[in-house]
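Some notes on the structure that comes next.
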Amino acid sequence: MCGQVARGIFVTPIPGAPFSGTVRVERTVIQPNGTVLQLFGTHAIARDIDGRIRYASRPLAPASVTTLPPVMVVHLYDPQNRMNEYLYPQQKLYRMNMLNRPPATDTIEDFASPSAASQPLSQYAQQQDLGQKTMAGLPVHGVRVTQTLPPAVSGTNAEVVVTDEYWYSDDLRMNLAVRHVDPRTGSFAATVTAVNRTEPDADLFSVPADYRMAGLR
């Protein structure tokens, strides 16, 4: 289970809004025998003035662990050339691929964003506006989406209520917090903290000189 990497926060590749921060992840997993496994992790995120993004991911670890696992993969993306680069610090290797088309420039799960009104809901879902608050020094707008699934849909003998919550920052044009609760499987929460609005170091968005491309000798 420690090898599982969970992200949850989508950093939008937009120019003009540089920042760096930390993503705190908390997850509970309901196992087949009914016991609950508690996991946590932290990831480092950044975006520069040109919209290049960086996401350094660590494996999730049991909540009892006091030492963070090392970074396993760093994802870099440059919207100017649509190039993805995946860095593996433990092996000092990297891989590259180019997207066929630019990704979305708004957050994938944008229920709390200004464009949320155009998002269709399923027949089982209800949406609740949670209003405004401040997170990491930024104003955010919250929305809760509740899905009530009848037994025929939930795969259980009873009705199941699945809840998702999103807190969206218009300044950064991305979610600063997401939460998912499903009584059948557990819960997942990711929250952005320690936001710094200054321009990150340019070296964060390039492959280090001592890395080699995977497959090359």
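Residue numbers start at 1 in each chain; chains themselves are named A, B, ... in the order of the structure tokens; ligands are numbered from 1 in the order shown.
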
Taking only stretch 88-194 of chain A into account, list the residues labelled alpha helix (DSSP H) by DSSP (computed from the backbone), as an mmCIF file with N, CA and C atoms, in the first residue's frame.
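The new file part.cif reads:
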data_model
loop_
_atom_site.group_PDB
_atom_site.id
_atom_site.type_symbol
_atom_site.label_atom_id
_atom_site.label_comp_id
_atom_site.auth_asym_id
_atom_site.auth_seq_id
_atom_site.Cartn_x
_atom_site.Cartn_y
_atom_site.Cartn_z
ATOM 1 N N PRO A 151 -29.946 0.772 -3.970
ATOM 2 C CA PRO A 151 -29.265 -0.528 -3.937
ATOM 3 C C PRO A 151 -28.947 -1.094 -5.321
ATOM 4 N N ALA A 152 -29.825 -0.887 -6.277
ATOM 5 C CA ALA A 152 -29.600 -1.436 -7.615
ATOM 6 C C ALA A 152 -28.380 -0.820 -8.289
ATOM 7 N N VAL A 153 -28.003 0.377 -7.859
ATOM 8 C CA VAL A 153 -26.861 1.071 -8.445
ATOM 9 C C VAL A 153 -25.621 0.950 -7.564
ATOM 10 N N SER A 154 -25.821 0.964 -6.251
ATOM 11 C CA SER A 154 -24.681 0.982 -5.319
ATOM 12 C C SER A 154 -23.963 -0.354 -5.223
#

* To do: Name all residues at most 12 Å from A:Gln123 (count only C-alpha atoms; drop same-chain ones fewer than 3 positions away) and give them as a list of chain:residue names.
  =>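 Counting only C-alpha atoms, the residues come to A:Pro120, A:Gln126, A:Gln127, A:Thr146, A:Gln147, A:Thr148, A:Leu149, A:Pro150, A:Val153.
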
Could you dump the residues just selected with C-alpha atoms as an mmCIF file, in the first residue's frame?
data_model
loop_
_atom_site.group_PDB
_atom_site.id
_atom_site.type_symbol
_atom_site.label_atom_id
_atom_site.label_comp_id
_atom_site.auth_asym_id
_atom_site.auth_seq_id
_atom_site.Cartn_x
_atom_site.Cartn_y
_atom_site.Cartn_z
ATOM 1 C CA PRO A 120 -24.547 18.507 -15.769
ATOM 2 C CA GLN A 126 -27.540 17.142 -5.622
ATOM 3 C CA GLN A 127 -25.267 20.174 -5.430
ATOM 4 C CA THR A 146 -24.002 14.431 -2.842
ATOM 5 C CA GLN A 147 -24.995 11.305 -4.756
ATOM 6 C CA THR A 148 -27.653 9.050 -3.242
ATOM 7 C CA LEU A 149 -27.350 5.657 -4.903
ATOM 8 C CA PRO A 150 -30.184 3.128 -4.616
ATOM 9 C CA VAL A 153 -26.861 1.071 -8.445
#

* **Within 6 Å of A:Ser57 using only C-alpha atoms, minus same-chain residues under 4 positions, as number ranges by chain** => A: 43, 71, 73

* To do: Rounded to one decimal place, report the atom CA of A:Gly51-atom CA of A:Ser169 distance in Å.
  => 16.2 Å

* Asked: Please, what distance in Å, to one decimal, runs between atom CA of A:Val143 and atom CA of A:Val11?
  ->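 Those two atoms sit 18.7 Å apart.
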
* Asked: Counting only C-alpha atoms, what is within 9 Å of A:Arg179, bar same-chain residues fewer than 2 positions away, as a ChimeraX atom specification?
  -> /A:8,163-166,177,181,187-191

Restricting the output to N, CA and C atoms, write the selected residues as a PDB file, in the first residue's frame.
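Output file part22.pdb follows:
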ATOM      1  N   GLY A   8      -4.929  14.011  -6.539  1.00  0.00           N
ATOM      2  CA  GLY A   8      -6.138  14.690  -6.113  1.00  0.00           C
ATOM      3  C   GLY A   8      -6.246  16.152  -6.484  1.00  0.00           C
ATOM      4  N   THR A 163     -20.238  11.449  -1.113  1.00  0.00           N
ATOM      5  CA  THR A 163     -20.103  12.900  -1.010  1.00  0.00           C
ATOM      6  C   THR A 163     -18.758  13.355  -1.569  1.00  0.00           C
ATOM      7  N   ASP A 164     -18.810  14.402  -2.389  1.00  0.00           N
ATOM      8  CA  ASP A 164     -17.603  15.044  -2.904  1.00  0.00           C
ATOM      9  C   ASP A 164     -17.670  16.530  -2.576  1.00  0.00           C
ATOM     10  N   GLU A 165     -16.518  17.091  -2.188  1.00  0.00           N
ATOM     11  CA  GLU A 165     -16.453  18.508  -1.832  1.00  0.00           C
ATOM     12  C   GLU A 165     -15.274  19.146  -2.529  1.00  0.00           C
ATOM     13  N   TYR A 166     -15.465  20.365  -3.049  1.00  0.00           N
ATOM     14  CA  TYR A 166     -14.433  21.080  -3.808  1.00  0.00           C
ATOM     15  C   TYR A 166     -14.355  22.523  -3.313  1.00  0.00           C
ATOM     16  N   ALA A 177      -8.700  22.414  -2.361  1.00  0.00           N
ATOM     17  CA  ALA A 177      -9.058  21.270  -1.516  1.00  0.00           C
ATOM     18  C   ALA A 177     -10.110  20.435  -2.232  1.00  0.00           C
ATOM     19  N   VAL A 181     -15.891  10.990  -0.084  1.00  0.00           N
ATOM     20  CA  VAL A 181     -16.270  10.031   0.955  1.00  0.00           C
ATOM     21  C   VAL A 181     -17.253   9.027   0.363  1.00  0.00           C
ATOM     22  N   SER A 187     -12.332   7.101   2.304  1.00  0.00           N
ATOM     23  CA  SER A 187     -12.343   8.531   2.017  1.00  0.00           C
ATOM     24  C   SER A 187     -10.992   8.989   1.496  1.00  0.00           C
ATOM     25  N   PHE A 188     -11.008  10.143   0.835  1.00  0.00           N
ATOM     26  CA  PHE A 188      -9.789  10.745   0.294  1.00  0.00           C
ATOM     27  C   PHE A 188      -9.915  12.250   0.424  1.00  0.00           C
ATOM     28  N   ALA A 189      -8.859  12.906   0.898  1.00  0.00           N
ATOM     29  CA  ALA A 189      -8.848  14.365   1.003  1.00  0.00           C
ATOM     30  C   ALA A 189      -7.473  14.880   0.611  1.00  0.00           C
ATOM     31  N   ALA A 190      -7.452  15.937  -0.186  1.00  0.00           N
ATOM     32  CA  ALA A 190      -6.203  16.599  -0.583  1.00  0.00           C
ATOM     33  C   ALA A 190      -6.387  18.099  -0.384  1.00  0.00           C
ATOM     34  N   THR A 191      -5.429  18.717   0.295  1.00  0.00           N
ATOM     35  CA  THR A 191      -5.515  20.137   0.634  1.00  0.00           C
ATOM     36  C   THR A 191      -4.190  20.818   0.321  1.00  0.00           C
TER      37      THR A 191
END

* Would you list, as a PyMOL selection string, the residues of chain A that end up in strand (DSSP E) under DSSP run on this structure's backbone? => chain A and resi 19-30+36-47+53-57+61-62+73-78+83-88+93-98+125-135+138-149+160-169+174-182+186-196+212-213

* Got a sec: who's within 12 Å of A:Arg197, counting only C-alpha atoms, leaving out chain neighbours fewer than 5 positions off, as number ranges by chain? -> A: 16-21, 46-49, 136-138, 171-172

Given the selection you just returned, output its residues as a file containing C-alpha atoms, formatted as a PDB file, in the first residue's frame.
ATOM      1  CA  GLY A  16       0.432  34.691 -15.241  1.00  0.00           C
ATOM      2  CA  ALA A  17      -0.279  33.053 -11.868  1.00  0.00           C
ATOM      3  CA  PRO A  18       2.998  31.642 -10.501  1.00  0.00           C
ATOM      4  CA  PHE A  19       3.012  29.895  -7.130  1.00  0.00           C
ATOM      5  CA  SER A  20       4.395  26.967  -5.168  1.00  0.00           C
ATOM      6  CA  GLY A  21       2.841  24.953  -2.378  1.00  0.00           C
ATOM      7  CA  ALA A  46       4.590  24.652  -8.468  1.00  0.00           C
ATOM      8  CA  ARG A  47       3.705  26.719 -11.538  1.00  0.00           C
ATOM      9  CA  ASP A  48       5.803  29.459 -13.153  1.00  0.00           C
ATOM     10  CA  ILE A  49       4.822  32.699 -14.884  1.00  0.00           C
ATOM     11  CA  ALA A 136      -3.845  29.281   2.425  1.00  0.00           C
ATOM     12  CA  GLY A 137      -4.408  33.045   2.420  1.00  0.00           C
ATOM     13  CA  LEU A 138      -6.650  32.930  -0.666  1.00  0.00           C
ATOM     14  CA  ASP A 171      -6.886  33.583  -8.153  1.00  0.00           C
ATOM     15  CA  LEU A 172      -4.983  30.384  -8.955  1.00  0.00           C
TER      16      LEU A 172
END

* For atom CA of A:Ala61 and atom CA of A:Val195, quote the distance in Å rounded to one decimal. =>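 Computing it gives 23.4 Å between the two atoms.
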